[in-house]
Structures are given as C-alpha cells and as structure tokens.
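Here the structure comes first, spelled out in structure tokens, and everything after it is commentary.
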Amino acid sequence: MPKLSLAKANKIIRDALKKGRDSDMQPLTVAVLDAGGHLVSMQREDGSSVLRPQIAQGKAFGCIAVGKGSRWLDAQAQTRPHFLEGLSNVSGGNIVPVPGGVLIRSKSGEILGAVGITGDTSENDEIAAVAGIEAALLIADTGA
C-alpha cells in the first residue's frame, strides 16, 4: 500500500499555496491528511483567520470519511441534509461538506489521503488543492 510521505505532502502544500498567490487568492490554509485521516502536514498563510486550520482539516477529513471529494459531500448536503446531519453527528462535527476538500489518488486509483483548503471561495480553494495534487504527479478527485 503506497503511503503519502511528508515530503510529498509538503510539495502539495507548497504548490497549492503558489497557485493561491499566482491567482491573487485570499490567504489560504492547507491541510494534508493521510488515508487514515491523520494530519501529515499543514500550513496557514499570514492573514488566514483563526478557525481556518479546523475548516481545512474538516474538508479533508470528510473526503477520507466517505471516499469522495467534498464536491460530492456538498451535493449530498443540498439533496439529503439528513445524511449530512448523521455524518456530522458520528464524526463529532469534524466534517465540512463544501468544495475545497480533494482526495489524493495514486496513478492506480488508490486513495492516499486528502487535501483540505480554506480561505478564499470554495471553488478557488478547490482549484488550489487540485493544482497542488497535480504538481505532485498524483490524481485529484474533487467528487464532481
């Protein structure tokens, strides 16, 4: 089973933050979790607000919890709010079901972990996450 190394997680973060700066996004916070939902690495840019680390982890954790990108969770929240309420309850409120959480897959499709980004619009957060994952030569799965 391939693992997500610290070096690879830091590369994802570095390139996601670069995409944010190149695109003039608001200050971002980026969290990378492994396939077990454990934090591998996180960075919070200067000016990123106080709850951003928890939001970024919640976006990534939701992906790991259901094996889908957070865009899928967002759709479920809109069409099946009772499902998301149940997920929130069993996770202790640790799932943030909005875009910006992206699964990290190996070339063979295996889930290696997830990235959660917050700080700008959900769509821009997702764009930065995808950029970081793809720069690390891995597959980004937004759940779309």
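Ordered as shown in the structure tokens, chains take letters A, B, and onward, while each chain numbers its residues from 1 and ligands are numbered from 1 in the order shown.
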Subject >> Spatial neighbours of A:Ala128, 9 Å, only C-alpha atoms, chain gap at least 4 places, as a list in words >> reply: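 What passes the distance filter is Asp15, Ala16, Leu17, Lys18, Lys19, Gly20, Gly100, Ile117, Glu123, Asn124, Gly132 and Ile133 of chain A.
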Give me a file of those residues, with C-alpha atoms, as a PDB file, in the first residue's frame.
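Contents of out28.pdb, as written:
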```pdb
ATOM      1  CA  ASP A  15       2.293  24.219  -4.940  1.00  0.00           C
ATOM      2  CA  ALA A  16      -1.253  24.829  -3.677  1.00  0.00           C
ATOM      3  CA  LEU A  17      -0.081  27.994  -1.915  1.00  0.00           C
ATOM      4  CA  LYS A  18       1.805  29.056  -5.043  1.00  0.00           C
ATOM      5  CA  LYS A  19      -1.405  28.665  -7.061  1.00  0.00           C
ATOM      6  CA  GLY A  20      -3.177  30.814  -4.481  1.00  0.00           C
ATOM      7  CA  GLY A 100     -12.107  22.588  -1.189  1.00  0.00           C
ATOM      8  CA  ILE A 117      -8.018  24.166   1.685  1.00  0.00           C
ATOM      9  CA  GLU A 123     -14.260  26.983  -5.803  1.00  0.00           C
ATOM     10  CA  ASN A 124     -10.884  28.730  -5.558  1.00  0.00           C
ATOM     11  CA  GLY A 132      -1.029  21.105  -5.551  1.00  0.00           C
ATOM     12  CA  ILE A 133      -2.008  17.474  -6.057  1.00  0.00           C
TER      13      ILE A 133
END
```
When DSSP is applied to the backbone of this structure, which of chain A are assigned strand (DSSP E)? Write them out as a compact mmCIF listing (two decimals) with C-alpha atoms, in the first residue's frame.
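Full text of part_17.txt as output:
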```txt
# COMPACT_ATOMS: atom_id res chain seq x y z
CA THR A 29 -4.73 27.35 4.99
CA VAL A 30 -3.84 23.93 3.59
CA ALA A 31 -4.10 20.61 5.44
CA VAL A 32 -2.96 17.25 4.07
CA LEU A 33 -4.27 14.08 5.70
CA ASP A 34 -3.17 10.51 5.04
CA LEU A 39 -2.71 15.04 9.71
CA VAL A 40 0.55 14.79 7.75
CA SER A 41 1.24 18.49 7.26
CA MET A 42 -0.48 21.88 7.45
CA GLN A 43 0.40 25.48 6.71
CA ARG A 44 -1.57 28.65 7.40
CA GLY A 101 -11.62 19.03 0.03
CA VAL A 102 -9.96 16.85 -2.63
CA LEU A 103 -8.97 13.20 -2.46
CA ILE A 104 -5.40 12.34 -3.38
CA ARG A 105 -5.24 9.20 -5.51
CA ILE A 111 -6.72 6.74 -2.03
CA LEU A 112 -3.51 8.08 -0.49
CA GLY A 113 -5.10 10.89 1.51
CA ALA A 114 -6.86 14.20 1.06
CA VAL A 115 -6.16 17.91 0.90
CA GLY A 116 -8.41 20.50 2.52
CA ILE A 117 -8.02 24.17 1.68
CA THR A 118 -9.87 27.16 3.03
CA ILE A 139 -4.55 12.30 -9.20
CA ALA A 140 -7.00 14.85 -7.75
CA ASP A 141 -10.57 13.65 -7.11
```
**OP:** Enter the distance from atom CA of A:Gly109 to atom CA of A:Ile64, in Å, rounded to one decimal.
**Re:**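 One can read the atom CA of A:Gly109 to atom CA of A:Ile64 distance as 14.0 Å.
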Original post:
Which residue out of A:Ile12, A:Ala144, A:Ser122, A:Phe61 has the minimum interatomic distance to A:Gly92 when only C-alpha atoms are used?
Top reply: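 The closest residue to A:Gly92 is A:Phe61.
Residue nearest A:Arg21 within the list A:Trp72, A:Asp120, A:Val98, A:Gln57: A:Asp120 [criterion: smallest interatomic distance, only C-alpha atoms].
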Let's see if you can do this: from backbone DSSP, list all helix (DSSP H, G or I) residues in stretch 23-126 of chain A, as a PDB file with C-alpha atoms, in the first residue's frame.
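Writing the result to states09.pdb gives the following:
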```pdb
ATOM      1  CA  ARG A  52      -9.032  28.010   9.156  1.00  0.00           C
ATOM      2  CA  PRO A  53      -6.935  25.025  10.353  1.00  0.00           C
ATOM      3  CA  GLN A  54     -10.060  23.256  11.650  1.00  0.00           C
ATOM      4  CA  ILE A  55     -12.006  24.068   8.465  1.00  0.00           C
ATOM      5  CA  ALA A  56      -9.218  22.790   6.200  1.00  0.00           C
ATOM      6  CA  GLN A  57      -8.925  19.567   8.195  1.00  0.00           C
ATOM      7  CA  GLY A  58     -12.722  19.175   8.172  1.00  0.00           C
ATOM      8  CA  LYS A  59     -12.839  19.448   4.382  1.00  0.00           C
ATOM      9  CA  ALA A  60     -10.082  16.836   4.001  1.00  0.00           C
ATOM     10  CA  PHE A  61     -11.492  14.562   6.716  1.00  0.00           C
ATOM     11  CA  GLY A  62     -14.906  14.487   5.045  1.00  0.00           C
ATOM     12  CA  CYS A  63     -13.257  13.189   1.874  1.00  0.00           C
ATOM     13  CA  ILE A  64     -11.470  10.407   3.729  1.00  0.00           C
ATOM     14  CA  ALA A  65     -14.597   9.548   5.717  1.00  0.00           C
ATOM     15  CA  VAL A  66     -16.746   8.855   2.655  1.00  0.00           C
ATOM     16  CA  SER A  70     -16.040  17.268  -0.902  1.00  0.00           C
ATOM     17  CA  ARG A  71     -17.907  18.463  -4.004  1.00  0.00           C
ATOM     18  CA  TRP A  72     -19.880  15.189  -3.653  1.00  0.00           C
ATOM     19  CA  LEU A  73     -20.496  15.940   0.036  1.00  0.00           C
ATOM     20  CA  ASP A  74     -21.728  19.419  -0.891  1.00  0.00           C
ATOM     21  CA  ALA A  75     -24.261  17.906  -3.308  1.00  0.00           C
ATOM     22  CA  GLN A  76     -25.418  15.475  -0.621  1.00  0.00           C
ATOM     23  CA  ALA A  77     -25.872  18.330   1.862  1.00  0.00           C
ATOM     24  CA  GLN A  78     -28.192  20.037  -0.610  1.00  0.00           C
ATOM     25  CA  THR A  79     -30.247  16.984  -1.574  1.00  0.00           C
ATOM     26  CA  PRO A  81     -29.439  17.100   4.573  1.00  0.00           C
ATOM     27  CA  HIS A  82     -30.380  14.283   6.970  1.00  0.00           C
ATOM     28  CA  PHE A  83     -27.454  12.240   5.611  1.00  0.00           C
ATOM     29  CA  LEU A  84     -25.001  15.064   6.335  1.00  0.00           C
ATOM     30  CA  GLU A  85     -26.525  15.626   9.750  1.00  0.00           C
ATOM     31  CA  GLY A  86     -25.873  11.959  10.533  1.00  0.00           C
ATOM     32  CA  LEU A  87     -22.300  12.160   9.223  1.00  0.00           C
ATOM     33  CA  SER A  88     -21.704  15.260  11.304  1.00  0.00           C
ATOM     34  CA  ASN A  89     -23.028  13.514  14.393  1.00  0.00           C
ATOM     35  CA  VAL A  90     -20.994  10.317  14.021  1.00  0.00           C
ATOM     36  CA  SER A 122     -14.815  27.177  -2.046  1.00  0.00           C
ATOM     37  CA  GLU A 123     -14.260  26.983  -5.803  1.00  0.00           C
ATOM     38  CA  ASN A 124     -10.884  28.730  -5.558  1.00  0.00           C
ATOM     39  CA  ASP A 125      -9.925  26.575  -2.572  1.00  0.00           C
ATOM     40  CA  GLU A 126     -10.612  23.528  -4.737  1.00  0.00           C
TER      41      GLU A 126
END
```
